[in-house]
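Structure first, commentary second.
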Protein chains: 2
Amino acid sequence: PRCTLPLSSVDSSGSRFAPLVVLELASDTKEEAIAWLLSRIRDWQQNGGAELLVEQLGPGIGVEEKENPNMFLVGASMQRLLCGAEDLGLFKECTDGSMRAFTFASKHNFKDFKDGFLSMAECQYVIKHELDTLRAKEETNVPGYSHAKLYPGKSIIRRLLSKGILIQMFPLHENEELKRLSFSWYKKVKVSLQPLDDIRHYYGEGQALYFGFLEYFTFALVPMALIGVPYYLFDWEDYDKYVVFAVFNLIWCTVILELWKRRSASLAYYWGTLCRKKAFEEPRPGFHGVLGHNPVTGRAEPIYPTSKRHLRVYLVSLPFVLLCLYLSLYIMMIYFQMEGWALSIYDENPTFWTHILLFIPSIIYAVVIEAMNLIYRYAAEFLTEWENHRLESSYQNHLVLKVLVFNFFNCFASLFYIAFVMQDMELLRQSLATLLITSQILNQFMEAFLPYWLQRRRNKKMIRKIQKRRLYEEKELPLVEQVRLEADMSTYLGTFDDYLELFLLFGYVSLFSCVFPLAAVLVVLNNITEVYSDAFKMCRVFKRPFADPAANIGVWQLAFEAMSVIAVVTNCALIGMSPQVRSYFPESETQLILCTVAAEHVLLGFKFILTFLIQDVPKHIQDKLARLEFESLEALKKKVKSDSKFV
Amino acid sequence: PRCTLPLSSVDSSGSRFAPLVVLELASDTKEEAIAWLLSRIRDWQQNGGAELLVEQLGPGIGVEEKENPNMFLVGASMQRLLCGAEDLGLFKECTDGSMRAFTFASKHNFKDFKDGFLSMAECQYVIKHELDTLRAKEETNVPGYSHAKLYPGKSIIRRLLSKGILIQMFPLHENEELKRLSFSWYKKVKVSLQPLDDIRHYYGEGQALYFGFLEYFTFALVPMALIGVPYYLFDWEDYDKYVVFAVFNLIWCTVILELWKRRSASLAYYWGTLCRKKAFEEPRPGFHGVLGHNPVTGRAEPIYPTSKRHLRVYLVSLPFVLLCLYLSLYIMMIYFQMEGWALSIYDENPTFWTHILLFIPSIIYAVVIEAMNLIYRYAAEFLTEWENHRLESSYQNHLVLKVLVFNFFNCFASLFYIAFVMQDMELLRQSLATLLITSQILNQFMEAFLPYWLQRRRNKKMIRKIQKRRLYEEKELPLVEQVRLEADMSTYLGTFDDYLELFLLFGYVSLFSCVFPLAAVLVVLNNITEVYSDAFKMCRVFKRPFADPAANIGVWQLAFEAMSVIAVVTNCALIGMSPQVRSYFPESETQLILCTVAAEHVLLGFKFILTFLIQDVPKHIQDKLARLEFESLEALKKKVKSDSKFV
């Protein structure tokens, strides 16, 4: 009967609790292992337990299907969650409007300290943290699994995950809130900004920053699109005049990235992640090595020598990446040969079929590029895994770098070749337009229509299932069904692909939009649909992800900045090659090149000075941060003075 | 009688105390102001006083001279100094070898906790800090001086300084220690490293880092000097072969700066300044504005709108600097015209006198450059003062930037002109040699011989004075005499000029040493003598400066890095211009330039990647810092858990 209560369960002591996180163990997990895990989760903190509430999920309605019985709901008392929040150093808004690290002792200084003080995402993050830091004591292995070795201090959940005993751990959706969020986010017809605060409240800071960046990037493109439209309408064939556009481009891409840093700092400040101290990062589940002692924590931990990892990175991964780049270049050259060959056939014999033949190389090349990106992605993941990084963040950075360099090369090499080796601006414009429009259509299909279709299929299945039993009259699904449904949803793999897509779009606009001014317009349109499709997939297609208390967009900021440096160089070269500029140096090409290079150096220098001049954090937030710092120093001094009285 | 005790005095309560800092008030200071100041310094901390010991200095021996009676010795009890050290958050070494913020409560965890636990420099720094943060309470003005306005929270010492009532405040030398230090530093004949730890112990971290950098820079130049000598001996006239040297240069200047960051972090860690939290910075004494409230501290403080300062910086200072640069360029062009004119006269009529005339333009130009640097320096100081910066650090940064840009331009513009416009490598080599040798001789004279001569004159005067009275048989000067002697010594104005000199030398070597390989040898020789002359002037010529707990060389790191970027560009251009490389592109100058530019971009990119790859802080120190951070987080958690028990 307990399962009929939506979103609440009853713990062993008989009191109800709100389930927050689901643990799914393998269906053949041994009883002793389950009993041990539950007792460790329920045990008092003094005894090294997590002091959480945990309950097995009852059987579902669709009994005809083989259901995994080993699903557990985890929750916690309010008191435990608040202590966990203090433990994590979560920042919350105080009654005086400043952001401070939450402490239980000063709880009444915080704004809205009542039942919903911690958002559900925060509660789930607390539980995830507590489960992740549940450590083995004297156990040498997971009971019943002699190969699942443990040692004092080893995170139990990570070992269970790495041995496949724990299949997954995911937070539950909150249907009421999700409905409200999805309505204000993408179901409203009225044009408005995204509800970033609500997104953050439901999905956490990492997600909200991605959507914030997407929105910011779209708005930043608007002036460019506005300039682009009349340009396109009135000057389409007169592509000599792109100098103005290139100069605009150049300033634009520097300024928007600097201003984004400020905006990101503002958002992160009000979301409390800007000055939160990160806890010491644990090794990732897949990390292996000889058991030793961590020099920082002193805990037992696998040790893997950095020199070995460096050898793997520099002697295997780096050559592999270079080889792939070479291969990509080689395939590009084949494409251009095929292109030339198709053109020659068409020139010889211009029929309908040979005209169609003209498109064949492009299509083959586009398919090959996609295939290469896909294969390379797997190879990069395999290699980065093999490099055996201790930290998830370091793993991510190495993976992002590998994928980024290759994707950049794969997508832009042909454009660079057309622009600077073939110097054919007409072809460049055509290629750019083709690339942009194709990728846009593909993306919309993959990100909006496909998920929508999947969703409809899922809905139908669900409705069938419920109709079969006709047990529940309420609109809400019973908890058991909801949990099992969510467990079957695909796992959201993070913002990597979304950022990668934005990165490539940013590249198209900042590098070459001066030859195809409509690029910005297309990207704006793409971004607007992107918001809807991303919002839709977050709300309807994927399992809810754990919140990620990010303070900025991380390594992507660096990637976008690197792109903006490349954009300065590219735009200067395009300006130098324009007939307009060339006409100023009719007699000497040398002088033209020297002037272009000089201008480029000055612009790069100016760009770096600009980076210094525009402060990364707005003044009023700097003041607030300084005030916090000052107060903690003053408090320390007062403590010192009152202490020294008693000496 | 109390004055006969060397380096100790007796406070009002009758107990002896070691004087650490001297306050010199104007000789006509009103009695009431003195009485008020002394009472504020002596008052208990609870009452807003500084709780220090202070005593008037007795009359000296040379009674025939007009002596200032208003000199005061300030000291403190050991307990007070230790509390002040905790207040400042000084880091000291613990018994387990780690560096931790000193706290009085845990004093026995620290290594060598006994009488000399705090060095004299640290004690003096504590006293300076306590005096600087002695704040007005209800006083509206300094007693007896109605124009010296005060408001609650205003630093008394800063107001007295800005109104000229307090002439100076300086720390005392410790003769025994100084003797030991100077012996191990520059009096020993044996070749050895500088006693950096002793320098830091006596002068503080800022000074020690300067000498550490000087030493590091000298060692870094040795491989270059070693390559330069055979080069000079065997290939003097064959300056086509400088490509190898230029490539070496290029890598060298990037790598040494990155490695210096690591070394600097190591030094700063062991000196305890790397992770020390800086106290909130007070406004500089000259800062003025409308009285308002600081948004960070909430204290009453003059407020000056940032927008006004920006207007002054961008509308007055920036145009002024650009004008000066233009003037400098103009004068350079006049110099080259004079040079050509002298050469034409010599060619027409080659006699002894016209041969001498050949040198006249260079000499005039050298003198004009020096004069311009001097005048500009005053103008820059005036302008930066007028910009009304709130913080000393911001004032210093703006001043350094102004002076640096102009000095760089003034010293290197003619070399760049010769290298890239005239493309005369022979003349470039000659100019470089002349500049280096002249500046070296001038520097040695200004920094070693002149001070030595001044010192001898001072010594004679002192001996005469003592002989006149024949009162003291001991070798040591009595305290009164020592204090008055030190008060007359020149004030050390910081490491600015020393770093500027190193910066220009670094420029000569990194930019152009490929055309004059002996440059590195000359700079090494210069640096060796520089160590001696700087050490000598620190120990013998100047008043002891207050310690400056710096964690790095600050804005100079940036300046040197900017120079190394310019060096990459310059060296690439020199390589591109070399006949050796030109011979590879016999048919097309365009191709040569494009290749050079491409190579330069690749190298710049590589340089930035290198900057990322070489970690700024060595791994073992990162671990130690992480350990500190981890421990403080764990301690907080434990506190949270024990607190939550009682809720």
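Order determines the names: the first chain of the structure tokens is A, the second B, and so forth; residues in each chain are numbered 1 upward, and ligands are numbered 1 upward as they are shown.
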
Discussion item. Considering only alpha helix (DSSP H) as DSSP defines it on the backbone, what residues of region 162-311 of chain B qualify? List them as a VMD selection string.
Written reply: chain B and resid 162 175 to 182 196 to 203 205 to 235 242 to 270 306 to 311

Item to complete: Considering only C-alpha atoms, extract the chain B residues located within 6 Å of chain A and return them as a PyMOL selection string.
Response: chain B and resi 87+296+590+623+627+637

Only all heavy atoms, please: the residues just picked out, written as a short mmCIF file (atom, residue, chain, number, x, y, z; two decimals), in the first residue's frame.
data_model
loop_
_atom_site.label_atom_id
_atom_site.label_comp_id
_atom_site.auth_asym_id
_atom_site.auth_seq_id
_atom_site.Cartn_x
_atom_site.Cartn_y
_atom_site.Cartn_z
N ASP B 87 47.38 37.90 14.16
CA ASP B 87 46.49 38.87 13.55
C ASP B 87 46.78 39.03 12.06
O ASP B 87 45.88 39.09 11.22
CB ASP B 87 46.75 40.19 14.27
CG ASP B 87 45.53 41.07 14.29
OD1 ASP B 87 44.51 40.63 13.77
OD2 ASP B 87 45.63 42.18 14.82
N VAL B 296 33.07 47.70 1.25
CA VAL B 296 33.57 46.42 1.75
C VAL B 296 33.65 46.43 3.27
O VAL B 296 33.09 45.57 3.94
CB VAL B 296 34.93 46.09 1.12
CG1 VAL B 296 35.50 44.83 1.73
CG2 VAL B 296 34.78 45.93 -0.38
N THR B 590 57.49 37.08 -51.28
CA THR B 590 56.18 36.86 -50.66
C THR B 590 56.15 35.55 -49.91
O THR B 590 55.71 35.49 -48.75
CB THR B 590 55.09 36.83 -51.76
OG1 THR B 590 55.24 37.99 -52.56
CG2 THR B 590 53.72 36.78 -51.15
N ASP B 623 50.71 19.65 -3.64
CA ASP B 623 50.21 18.65 -2.70
C ASP B 623 50.11 19.23 -1.30
O ASP B 623 49.13 19.01 -0.59
CB ASP B 623 51.14 17.43 -2.68
CG ASP B 623 50.83 16.49 -3.83
OD1 ASP B 623 49.81 16.71 -4.51
OD2 ASP B 623 51.62 15.56 -4.06
N ARG B 627 46.84 19.76 0.86
CA ARG B 627 46.70 19.12 2.16
C ARG B 627 46.18 20.10 3.20
O ARG B 627 45.29 19.77 4.00
CB ARG B 627 48.06 18.54 2.59
CG ARG B 627 47.98 17.83 3.89
CD ARG B 627 49.07 16.86 4.21
NE ARG B 627 48.69 16.22 5.45
CZ ARG B 627 47.99 15.12 5.53
NH1 ARG B 627 47.65 14.50 4.43
NH2 ARG B 627 47.63 14.64 6.69
N LYS B 637 34.21 20.20 8.81
CA LYS B 637 33.20 19.14 8.82
C LYS B 637 33.03 18.56 10.21
O LYS B 637 31.92 18.35 10.68
CB LYS B 637 33.64 18.01 7.89
CG LYS B 637 33.13 18.18 6.48
CD LYS B 637 33.44 16.94 5.69
CE LYS B 637 33.49 17.25 4.22
NZ LYS B 637 33.99 16.12 3.46
#

Item to complete: as number ranges by chain, please: all residues of region 51-97 of chain A that backbone DSSP puts in strand (DSSP E).
Response: A: 53-56, 71-75, 91-93

Worksheet entry | Two-atom distance - CA of Ser317 (chain B), CA of Leu391 (chain B) (Å) |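 Going from CA of Ser317 (chain B) over to CA of Leu391 (chain B), I get 18.0 Å.
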
Practice prompt. Compile the contact shell of Asp548 (chain B) as a VMD selection string: residues with an atom at most 8 Å away, counting only C-alpha atoms, same-chain residues fewer than 3 positions apart removed.
Written response: chain B and resid 204 to 207

The selected residues should be written to file as a JSON list (two decimals), in the first residue's frame (atoms: N, CA and C atoms).
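And here's out_7.json as it stands now:
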[["chain", "number", "residue", "atom", "x", "y", "z"],
["B", 204, "GLY", "N", 63.10, 40.72, 4.54],
["B", 204, "GLY", "CA", 61.74, 40.35, 4.14],
["B", 204, "GLY", "C", 61.72, 39.73, 2.76],
["B", 205, "GLU", "N", 60.51, 39.27, 2.37],
["B", 205, "GLU", "CA", 60.38, 38.43, 1.18],
["B", 205, "GLU", "C", 60.53, 39.19, -0.12],
["B", 206, "GLY", "N", 60.05, 40.43, -0.16],
["B", 206, "GLY", "CA", 60.12, 41.20, -1.41],
["B", 206, "GLY", "C", 61.55, 41.36, -1.88],
["B", 207, "GLN", "N", 62.43, 41.78, -0.96],
["B", 207, "GLN", "CA", 63.85, 41.94, -1.26],
["B", 207, "GLN", "C", 64.47, 40.62, -1.67]]

Practice prompt. Name all residues at most 10 Å from region 261-274 of chain A (count only C-alpha atoms; drop same-chain ones fewer than 4 positions away) and give them as a ChimeraX atom specification.
Written response: /A:89-93,97-101,196-197,200-201,204-206,208-209,212-213,216,256-257,278,548-553,557,614-622,624-625

Worksheet item: If we count only C-alpha atoms, what is near Glu130 (chain A) at a cut-off of 10 Å, once residues fewer than 6 positions away on the same chain are taken out, given as a PyMOL selection string?
Response: chain A and resi 41+49-52+81+84+87-88+124

Worksheet entry | All residues 7 Å or closer to region 145-156 of chain B, only C-alpha atoms, same chain fewer than 2 positions away omitted, as a list in words |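 Counting only C-alpha atoms, the residues come to Asp132, Thr133, Leu134, Arg135, Ala136, Lys137, Glu138, Glu139, Thr140, Asn141, Val142, Pro143, Arg158, Arg159, Leu160, Lys163, Arg299 and Ala300 of chain B.
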
Item to complete: Would you work out the distance separating CA of Val244 (chain A) from CA of Trp556 (chain A), expressed in Å to one decimal?
Response: 28.5 Å

What's the 12 Å shell around Ile331 (chain B), counting only C-alpha atoms, without same-chain residues fewer than 2 positions away, as a compact mmCIF listing (two decimals) with N, CA, C and O atoms, in the first residue's frame?
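This went into selection-v7.txt:
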# COMPACT_ATOMS: atom_id res chain seq x y z
N CYS B 324 54.50 61.42 -25.58
CA CYS B 324 55.90 61.23 -25.20
C CYS B 324 56.56 60.21 -26.12
O CYS B 324 57.72 60.37 -26.52
N LEU B 325 55.81 59.14 -26.45
CA LEU B 325 56.37 58.13 -27.34
C LEU B 325 56.65 58.75 -28.71
O LEU B 325 57.69 58.51 -29.31
N TYR B 326 55.73 59.60 -29.16
CA TYR B 326 55.91 60.25 -30.45
C TYR B 326 57.15 61.14 -30.41
O TYR B 326 57.98 61.14 -31.32
N LEU B 327 57.30 61.87 -29.32
CA LEU B 327 58.45 62.76 -29.13
C LEU B 327 59.74 61.96 -29.18
O LEU B 327 60.72 62.34 -29.83
N SER B 328 59.71 60.84 -28.48
CA SER B 328 60.89 59.99 -28.42
C SER B 328 61.25 59.49 -29.82
O SER B 328 62.42 59.46 -30.21
N LEU B 329 60.22 59.15 -30.59
CA LEU B 329 60.42 58.69 -31.96
C LEU B 329 61.01 59.81 -32.80
O LEU B 329 61.92 59.60 -33.62
N MET B 333 64.57 60.04 -34.83
CA MET B 333 64.75 60.34 -36.25
C MET B 333 65.78 61.45 -36.42
O MET B 333 66.61 61.41 -37.34
N ILE B 334 65.75 62.45 -35.53
CA ILE B 334 66.74 63.53 -35.59
C ILE B 334 68.14 62.94 -35.41
O ILE B 334 69.09 63.30 -36.12
N TYR B 335 68.24 61.98 -34.47
CA TYR B 335 69.54 61.34 -34.23
C TYR B 335 70.05 60.68 -35.51
O TYR B 335 71.22 60.84 -35.87
N PHE B 336 69.15 59.93 -36.19
CA PHE B 336 69.61 59.24 -37.40
C PHE B 336 69.98 60.25 -38.49
O PHE B 336 70.93 60.02 -39.23
N GLN B 337 69.27 61.39 -38.54
CA GLN B 337 69.64 62.43 -39.50
C GLN B 337 71.02 63.00 -39.19
O GLN B 337 71.86 63.17 -40.07
N MET B 338 71.26 63.28 -37.90
CA MET B 338 72.55 63.81 -37.48
C MET B 338 73.66 62.82 -37.81
O MET B 338 74.73 63.20 -38.30
N PRO B 361 76.88 62.47 -32.47
CA PRO B 361 75.43 62.19 -32.41
C PRO B 361 75.07 61.11 -31.40
O PRO B 361 74.12 61.27 -30.61
N ILE B 364 75.29 62.53 -27.88
CA ILE B 364 74.17 63.43 -27.61
C ILE B 364 72.90 62.62 -27.41
O ILE B 364 72.15 62.83 -26.45
N TYR B 365 72.68 61.64 -28.28
CA TYR B 365 71.46 60.84 -28.20
C TYR B 365 71.39 60.08 -26.87
O TYR B 365 70.34 60.05 -26.21
N ALA B 366 72.54 59.51 -26.47
CA ALA B 366 72.56 58.76 -25.20
C ALA B 366 72.20 59.67 -24.03
O ALA B 366 71.39 59.31 -23.16
N VAL B 367 72.78 60.89 -24.04
CA VAL B 367 72.48 61.83 -22.96
C VAL B 367 71.02 62.23 -22.99
O VAL B 367 70.34 62.25 -21.95
N VAL B 368 70.53 62.52 -24.21
CA VAL B 368 69.12 62.94 -24.33
C VAL B 368 68.19 61.83 -23.84
O VAL B 368 67.21 62.10 -23.13
N ILE B 369 68.50 60.58 -24.20
CA ILE B 369 67.68 59.45 -23.74
C ILE B 369 67.61 59.42 -22.23
O ILE B 369 66.54 59.30 -21.61
N MET B 372 65.57 62.26 -20.97
CA MET B 372 64.14 62.03 -21.22
C MET B 372 63.56 61.02 -20.24
O MET B 372 62.46 61.21 -19.71
N PHE B 409 60.43 51.80 -25.14
CA PHE B 409 60.42 52.50 -26.41
C PHE B 409 61.71 53.29 -26.59
O PHE B 409 62.37 53.22 -27.64
N ASN B 410 62.08 54.01 -25.56
CA ASN B 410 63.26 54.87 -25.61
C ASN B 410 64.52 54.06 -25.86
O ASN B 410 65.39 54.46 -26.63
N ALA B 413 63.75 51.53 -29.44
CA ALA B 413 63.23 52.03 -30.72
C ALA B 413 64.35 52.13 -31.75
O ALA B 413 64.20 51.69 -32.90
N SER B 414 65.51 52.68 -31.34
CA SER B 414 66.58 52.87 -32.32
C SER B 414 67.09 51.51 -32.80
O SER B 414 67.39 51.35 -33.99

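A straight line drawn from CA of Met489 (chain A) to CA of Gln396 (chain A) is 23.9 Å long.
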